[in-house]
Every structure is written in C-alpha cells, then in structure tokens.
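Q: If you scroll down you'll find the structure; I have some questions about it.
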Amino acid sequence: GNPKADSRASKDSNNNKHNNHANKKQKSSKQQQQQSKKQSKNNDPEPEMIQVEFLFCDVNERFFHGMKTLLHRNSIHAPHSSQLVDLMIENEMVGTVLSTDDSGPNDKKKKKSSSAKSKSSTAAAAAAPPQEDEANVFGFASIINLTTNHSSPCIQSLKSICLKHCPTQHKPTMETVLSGKTKRPAGFFFQERMVNVPLEITEVLHQQLVLDMDHAVDTADDEDERKSLDFGAFVRLAPCYKGDAGNNSVIYKYFDDEVFSSNAEFVYSFEVPKLHEGDEEELWISVIVLTKTGHREAMKEMKKMIHGS
C-alpha cells in the first residue's frame with residue numbers, strides 16, 4: 001500500500017491569524033434576536049469551536065465539484081477549470097484531496113491500493129461549515145505531466161501564458177521545461193485550499209503529494225511508466241498580490257508558495273484579469289520553477305517553519 005502519513009494537529013495561538021476570517025458567527029439576525037436574552041451576560045460570545053477530522057483521499061470523481069470550486073477562484077485557471085480537474089482525476093496516481101467525507105466508495109479502477117490514505121488527521125479548526133456542494137473538499141494537490149498531456153488544450157493554454165510573460169533571460173530554460181521533451185518529465189504543480197486550513201494539515205497535504213510521487217515511481221508497471229512519473233521539475237502558478245517593496249515584490253496568497261519560491265530556479269510574476277468586476281485587489285500570478293531537489297528542500301524548510309525542528 002501507499003505509506004500515507006498519519007498526522008495529528010491541534011489549533012493553537014499561532015493559527016489564530018490564519019483563521020480570523022473563519023471565526024464568523026453562523027446565526028441569522030432573527031436567531032440572534034431570539035437568543036439575545038440568553039446572551040445578555042455576554043454580548044460578544046466566542047465563536048463555537050468545531051472539531052474537524054480531515055481525511056487525505058485519493059483524487060476521485062466525487063470530489064470534482066469541490067475541486068473545481070477551489071480552482072476556479074484562481075482567475076488564470078477559471079476558463080478551463082473543468083478540464084484541469086478532469087486531468088487531475090485521470091492522474092489519480094499523483095494527487096491528494098483534503099476532505100472530511102469518507103463516505104465515498106473505494107475506487108476500484110485504481111491500480112495501486114493506498115489504504116493508508118484513508119487515515120485521518122484531526123484538527124480543531126474554528127472553521128465555518130462550507131456550503132453543501134463543496135463540503136467535502138477543503139484542499140487538494142496534484143501534478144500534471146507536461147509530456148503525456150502536451151496535447152490537452154488547457155495545458156497548451158497555460159504553457160503559452162507562461163512563455164508570453166517569461167522574462168528574456170529565462171525564456172530558453174522555460175521553453176525547455178515546458179517542451180515536454182526533457183529527459184525527466186516536468187509537471188504543472190496545482191495546489192488550492194481553503195485559507196483557514198491549519199498549517200500542520202497544509203504541510204501533511206504536501207507530504208502526501210511527495211509520498212504519492214515516490215510510491216508511483218516505486219510501483220510502476222514498467223520502465224516507461226516509471227519514467228513518466230519520475231518528475232525532474234515543477235512549474236507552479238501561484239496566486240499572489242502586488243507588494244509595496246519594489247517592482248518584483250509579491251505577497252503570496254498561500255504561505256507555502258513563498259517557501260517554494262525561495263527554493264526555485266527562477267520566479268517571475270504578471271498581472272491577470274480580475275475574476276469579478278467588484279474585486280478590489282489586483283490578482284497576480286507568480287510562476288515558480290522548481291527542480292525536484294528544490295521542491296524537497298522547500299518541504300524541509302516548511303516542516304521546520306511549522307514544527308520548529
């Protein structure tokens with residue numbers, strides 16, 4: 001089986017700033033009026049703490065809508081979010097969904113069993129329950145092979161966007177990485193999640209992806225499959241916002257993307273259209289090009305940041 005990690009994480013004071021926006025009261029004004037007498041002694045009650053048991057699941061069709069909802073928020077992926085999620089579901093060998101729903105059937109189509117993947121991680125999170133249609137997906141991570149999926153329209157679109165905005169000094173390298181003809185395959189690195197997912201759980205989500213890649217290589221059916229799963233480079237299109245510290249400074253939406261960028265071969269950013277007219281902040285995309293070594297170094301750095309050792 002796939003040696004999936006089992007992690008326990010509890011919410012502590014360090015997570016408060018990451019969970020602020022999730023600490024919302026879930027009562028309507030009518031309910032608040034009805035309960036106002038009960039709350040007369042405490043006009044500003046603490047938000048109710050909800051114990052959440054997170055599960056790390058194989059990518060499966062039952063997660064399609066939840067994954068698409070998360071991916072669609074990134075405006076560079078919005079035009080082809082359905083196609084991309086379809087590719088991730090087809091590429092079930094290397095991908096993990098963070099869920100709270102273990103009611104789905106076992107995926108009989110999967111070649112390699114990974115029963116350990118159903119092990120849960122428990123985290124106390126002051127998280128508001130999500131809407132029904134996306135209740136079972138809190139995040140996901142996946143790698144899409146640029147060689148085997150080179151003819152896919154959504155992958156071609158992302159490649160052309162990356163090259164269009166690539167600075168001159170990095171263009172030859174970027175063209176090679178995206179060519180699909182490298183000795184070891186490169187992959188687009190997708191990762192989205194709800195922003196109030198605890199830091200410890202975020203780290204485990206990334207660990208699961210590494211375990212997926214290693215397990216896929218170790219258990220490949222033949223040499224061709226093994227080579228197709230032995231990634232040598234990753235391209236991450238990370239959502240971010242323009243920083244104030246100069247032309248190239250950005251503020252990453254996800255803290256882990258900053259860790260990946262600091263271990264990258266090179267990074268560049270560009271502005272993307274707003275998804276909704278009312279959006280105040282301009283969204284940027286940071287293209288982070290990592291080698292396998294850089295990705296593993298970033299994982300070590302992330303673990304040290306979160307656990308202090």
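Chains: A, B, ... in order of the structure tokens. Residues: from 1 per chain. Ligands: from 1, in order shown.
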Compile the contact shell of A:Val97 as a list in words: residues with an atom at most 6 Å away, counting only C-alpha atoms, same-chain residues fewer than 3 positions apart removed.
A: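 The neighbour list is Phe56, Cys57, Val59, Gly139 and Phe140 of chain A.
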Q: Generate the output file for the selected residues, N, CA and C atoms, as a PDB file, in the first residue's frame.
A:
ATOM      1  N   PHE A  56      -7.178  12.405   4.105  1.00  0.00           N
ATOM      2  CA  PHE A  56      -6.388  12.574   2.880  1.00  0.00           C
ATOM      3  C   PHE A  56      -6.792  11.451   1.926  1.00  0.00           C
ATOM      4  N   CYS A  57      -7.484  11.847   0.879  1.00  0.00           N
ATOM      5  CA  CYS A  57      -8.125  10.867  -0.002  1.00  0.00           C
ATOM      6  C   CYS A  57      -7.504  10.872  -1.394  1.00  0.00           C
ATOM      7  N   VAL A  59      -7.639  11.193  -5.319  1.00  0.00           N
ATOM      8  CA  VAL A  59      -8.468  12.008  -6.201  1.00  0.00           C
ATOM      9  C   VAL A  59      -9.530  11.107  -6.827  1.00  0.00           C
ATOM     10  N   GLY A 139      -9.213  21.156   0.260  1.00  0.00           N
ATOM     11  CA  GLY A 139      -7.992  21.465  -0.474  1.00  0.00           C
ATOM     12  C   GLY A 139      -7.577  20.272  -1.319  1.00  0.00           C
ATOM     13  N   PHE A 140      -6.590  20.493  -2.174  1.00  0.00           N
ATOM     14  CA  PHE A 140      -6.061  19.394  -2.976  1.00  0.00           C
ATOM     15  C   PHE A 140      -4.680  19.771  -3.489  1.00  0.00           C
TER      16      PHE A 140
END
Q: Using atom CA of A:Leu199 and atom CA of A:Ile89 as the two end points, give the distance in Å to one decimal.
A: 25.3 Å
Q: Excluding A:Ala216 and any residue of its chain fewer than 3 positions from it, enumerate the residues within 10 Å of it, using only C-alpha atoms, and give them as a ChimeraX atom specification.
A: /A:2,93-94,112,210-213,219-221,225-226,228-230
Q: Just checking: using only C-alpha atoms, which residue out of A:Asp218, A:Glu265, A:Glu175, A:Glu192 ends up closest to A:His77?
A: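 Ranked by minimum distance to A:His77, first place goes to A:Glu192.
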Q: Report as a ChimeraX atom specification: the residues of stretch 235-300 of chain A with a DSSP assignment of strand (DSSP E), based on the backbone of this structure.
A: /A:235-242,250-252,266-271,283-291
Q: Please save C-alpha atoms of the selected residues as a JSON list (two decimals), in the first residue's frame.
A:
[["chain", "number", "residue", "atom", "x", "y", "z"],
["A", 235, "VAL", "CA", 6.01, 24.72, -12.57],
["A", 236, "ARG", "CA", 3.71, 26.34, -10.02],
["A", 237, "LEU", "CA", 1.33, 29.17, -10.96],
["A", 238, "ALA", "CA", 0.90, 30.71, -7.52],
["A", 239, "PRO", "CA", -1.82, 33.28, -6.79],
["A", 240, "CYS", "CA", -0.42, 36.43, -5.22],
["A", 241, "TYR", "CA", -0.86, 40.18, -4.84],
["A", 242, "LYS", "CA", 1.43, 43.02, -5.73],
["A", 250, "VAL", "CA", 4.62, 39.99, -4.36],
["A", 251, "ILE", "CA", 2.57, 38.82, -1.39],
["A", 252, "TYR", "CA", 1.59, 35.18, -1.76],
["A", 266, "PHE", "CA", 13.75, 31.30, -11.02],
["A", 267, "VAL", "CA", 10.49, 33.15, -10.38],
["A", 268, "TYR", "CA", 8.59, 35.82, -12.31],
["A", 269, "SER", "CA", 5.16, 37.36, -11.93],
["A", 270, "PHE", "CA", 2.50, 39.03, -14.03],
["A", 271, "GLU", "CA", -0.94, 40.54, -13.55],
["A", 283, "LEU", "CA", -4.54, 39.44, -8.67],
["A", 284, "TRP", "CA", -1.11, 38.46, -9.88],
["A", 285, "ILE", "CA", 0.37, 35.09, -10.74],
["A", 286, "SER", "CA", 3.87, 34.13, -9.68],
["A", 287, "VAL", "CA", 5.43, 31.47, -11.90],
["A", 288, "ILE", "CA", 7.68, 29.33, -9.68],
["A", 289, "VAL", "CA", 10.03, 26.93, -11.49],
["A", 290, "LEU", "CA", 11.41, 24.25, -9.16],
["A", 291, "THR", "CA", 13.70, 21.28, -9.66]]
Q: I need the residue nearest A:Phe190 from this list: A:Asn263, A:Asn145, A:Thr176, A:Ser99. Use only C-alpha atoms for the distance.
A: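 Looking only at the distances to A:Phe190, the closest residue turns out to be A:Asn145.
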Q: Between atom CA of A:Phe231 and atom CA of A:Pro185, what is the spacing in Å?
A: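 Atom CA of A:Pro185 sits 5.0 Å away from atom CA of A:Phe231.
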Q: Mind pulling up the distance from atom CA of A:Met299 to atom CA of A:Lys227?
A: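 Rounded to one decimal, the two atoms are 22.7 Å apart.
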Q: To test your reading of the structure, identify every residue in stretch 230-266 of chain A that backbone DSSP assigns to alpha helix (DSSP H), and report it as a JSON list (two decimals) with C-alpha atoms, in the first residue's frame.
A:
[["chain", "number", "residue", "atom", "x", "y", "z"],
["A", 255, "PHE", "CA", 2.47, 30.97, 2.77],
["A", 256, "ASP", "CA", 3.90, 27.73, 1.33],
["A", 257, "ASP", "CA", 4.26, 29.30, -2.11],
["A", 258, "GLU", "CA", 6.70, 31.77, -0.58],
["A", 259, "VAL", "CA", 8.74, 28.80, 0.66],
["A", 260, "PHE", "CA", 8.65, 27.21, -2.79],
["A", 261, "SER", "CA", 9.68, 30.49, -4.45],
["A", 262, "SER", "CA", 12.71, 30.85, -2.16]]
Q: Restricting the calculation to only C-alpha atoms: of A:His80, A:Lys171, A:Lys183, A:Arg193, which residue gets closest to A:Cys154?
A: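 Using only C-alpha atoms, A:Cys154 sits closest to A:His80.
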Q: Counting only C-alpha atoms, figure out which residue out of A:Glu281, A:Ser157, A:Cys166, A:Thr100 gets nearest to A:Ala78.
A: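 For A:Ala78, the nearest of the candidates is A:Ser157.
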Q: Between A:Val177, A:Leu84, A:Val204, A:Val195, which residue has the minimum interatomic distance to A:Leu55, considering only C-alpha atoms?
A: A:Val204
Q: Which residue out of A:Ala233, A:Leu71, A:Leu163, A:Val85 has the minimum interatomic distance to A:Leu146 when only C-alpha atoms are used?
A: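 That would be A:Ala233, the residue with the smallest distance to A:Leu146.
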